[in-house]
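The file input.txt contains compact mmCIF, C-alpha atoms:
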```txt
# COMPACT_ATOMS: atom_id res chain seq x y z
CA MET P 1 -51.85 90.71 -33.12
CA LYS P 2 -54.36 89.58 -30.54
CA LEU P 3 -54.83 92.06 -27.68
CA ASP P 4 -57.43 90.62 -25.32
CA THR P 5 -56.72 92.39 -22.04
CA LEU P 6 -56.41 96.02 -21.08
CA GLU P 7 -52.88 95.31 -19.82
CA GLU P 8 -51.83 93.83 -23.18
CA LEU P 9 -53.32 96.77 -25.06
CA ALA P 10 -51.72 99.26 -22.67
CA ALA P 11 -48.29 97.69 -23.18
CA TRP P 12 -48.80 97.63 -26.98
CA LEU P 13 -49.77 101.31 -27.14
CA ALA P 14 -47.10 102.39 -24.64
CA GLY P 15 -44.45 100.78 -26.81
CA ALA P 16 -45.78 102.58 -29.86
CA PHE P 17 -45.85 105.96 -28.09
CA ASP P 18 -42.35 105.35 -26.69
CA SER P 19 -40.96 104.52 -30.14
CA GLY P 20 -41.29 108.17 -31.16
CA ASP P 21 -41.95 106.96 -34.71
CA ALA P 22 -45.16 108.29 -36.25
CA ALA P 23 -45.47 105.35 -38.66
CA VAL P 24 -45.13 102.84 -35.81
CA LEU P 25 -47.70 104.74 -33.75
CA LEU P 26 -50.23 104.95 -36.60
CA ASP P 27 -49.85 101.24 -37.28
CA ALA P 28 -50.29 100.42 -33.58
CA LEU P 29 -53.39 102.60 -33.34
CA GLU P 30 -54.92 100.85 -36.36
CA VAL P 31 -54.22 97.43 -34.83
CA ALA P 32 -55.67 98.64 -31.51
CA SER P 33 -58.86 99.74 -33.24
CA ARG P 34 -59.64 96.09 -33.98
CA ALA P 35 -58.49 94.66 -30.65
CA GLU P 36 -60.97 93.06 -28.29
CA ALA P 37 -59.46 95.01 -25.38
CA THR P 38 -60.45 98.31 -26.99
CA ALA P 39 -63.84 97.88 -25.32
CA HIS P 40 -62.07 97.86 -21.94
CA LEU P 41 -59.92 100.85 -22.91
CA ALA P 42 -62.97 102.83 -23.97
CA ALA P 43 -64.75 102.09 -20.69
CA ALA P 44 -61.70 102.97 -18.59
CA ALA P 45 -61.12 106.19 -20.54
CA GLY P 46 -64.79 107.20 -20.44
CA VAL P 47 -65.03 107.32 -24.23
CA PRO P 48 -67.76 105.68 -26.35
CA GLN P 49 -66.36 102.49 -27.84
CA ALA P 50 -67.46 103.19 -31.42
CA MET P 51 -65.92 106.66 -31.30
CA LEU P 52 -62.66 105.32 -29.90
CA ARG P 53 -62.43 102.56 -32.51
CA ALA P 54 -63.04 105.08 -35.31
CA ALA P 55 -60.47 107.52 -33.90
CA LEU P 56 -57.86 104.78 -33.50
CA ALA P 57 -58.49 103.44 -37.00
CA SER P 58 -58.09 106.86 -38.56
CA GLY P 59 -55.21 107.93 -36.33
CA GLU P 60 -57.07 111.15 -35.61
CA LEU P 61 -57.49 111.41 -31.85
CA ASP P 62 -58.34 114.71 -30.24
CA LEU P 63 -56.25 115.90 -27.31
CA GLU P 64 -58.88 115.01 -24.70
CA THR P 65 -59.14 111.43 -25.95
CA THR P 66 -55.38 111.08 -26.25
CA LEU P 67 -54.85 112.25 -22.66
CA ALA P 68 -57.58 109.92 -21.37
CA ILE P 69 -55.99 106.97 -23.17
CA MET P 70 -52.51 107.85 -21.92
CA LYS P 71 -53.80 108.00 -18.33
CA VAL P 72 -55.35 104.54 -18.68
CA ILE P 73 -52.18 103.17 -20.28
CA ASP P 74 -50.09 104.50 -17.40
CA LEU P 75 -52.40 102.89 -14.82
CA HIS P 76 -52.49 99.50 -16.59
CA LEU P 77 -48.92 98.92 -17.70
CA PRO P 78 -47.82 95.44 -16.66
CA GLY P 79 -45.11 95.18 -14.03
```
Turn the structure described in the file into structure tokens.
Amino acid sequence: MKLDTLEELAAWLAGAFDSGDAAVLLDALEVASRAEATAHLAAAAGVPQAMLRAALASGELDLETTLAIMKVIDLHLPG
């Protein structure tokens, strides 16, 4: 999956969170860790990009990072 814009990444992650399925969410986080738009997400969330990519890849996000990401997702959902 190619996620080039913050809006595309926000929609991708929002769908994964909304699924309520842990396996779907972990898979989406791993895909997001490699997405080009993760650089934009990190900047918008105020999180170092390398740290965010590592956290997404491992599926181990702390509460502060998770809340920052969710705020960005909410602000950048398409439509």
Of the listed residues P:Glu30, P:Asp18, P:Glu7, P:Glu60, that which approaches Val72 of chain P most closely, counting only C-alpha atoms: P:Glu7
Let me make sure I understand: among P:Ile73, P:Ala44, P:Ala32, P:Ala39, which one has the smallest atom-to-atom distance to Leu56 of chain P if we use all atoms listed in the file?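 Ranked by minimum distance to Leu56 of chain P, first place goes to P:Ala32.
Straight-line separation from atom CA of Met1 of chain P to atom CA of Ala57 of chain P: 14.9 Å.
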Expressed in Å to a single decimal, how great is the separation between atom CA of Asp21 of chain P and atom CA of Leu77 of chain P? 20.1 Å
Work out how far atom CA of Ala37 of chain P is from atom CA of Leu52 of chain P, in Å to one decimal.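 Rounded to one decimal, the two atoms are 11.7 Å apart.
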Closest to Leu61 of chain P among P:Leu26, P:Asp4, P:Val31, P:Gly46, using all atoms listed in the file?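 That would be P:Leu26, the residue with the smallest distance to Leu61 of chain P.
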With distances taken over only C-alpha atoms, which residue among P:Lys2, P:Ala10, P:Asp74, P:Asp62 lies nearest His40 of chain P? P:Ala10
Protein and nucleic acid residues near (-53.2, 96.1, -28.9) (cut-off 6 Å, all atoms listed in the file) as a PyMOL selection string: chain P and resi 3+9+12+32+35
Using only C-alpha atoms for the distances, tell me which of P:Ile69, P:Ser33, P:Glu64, P:Ala22 is nearest to Ala45 of chain P. P:Ile69
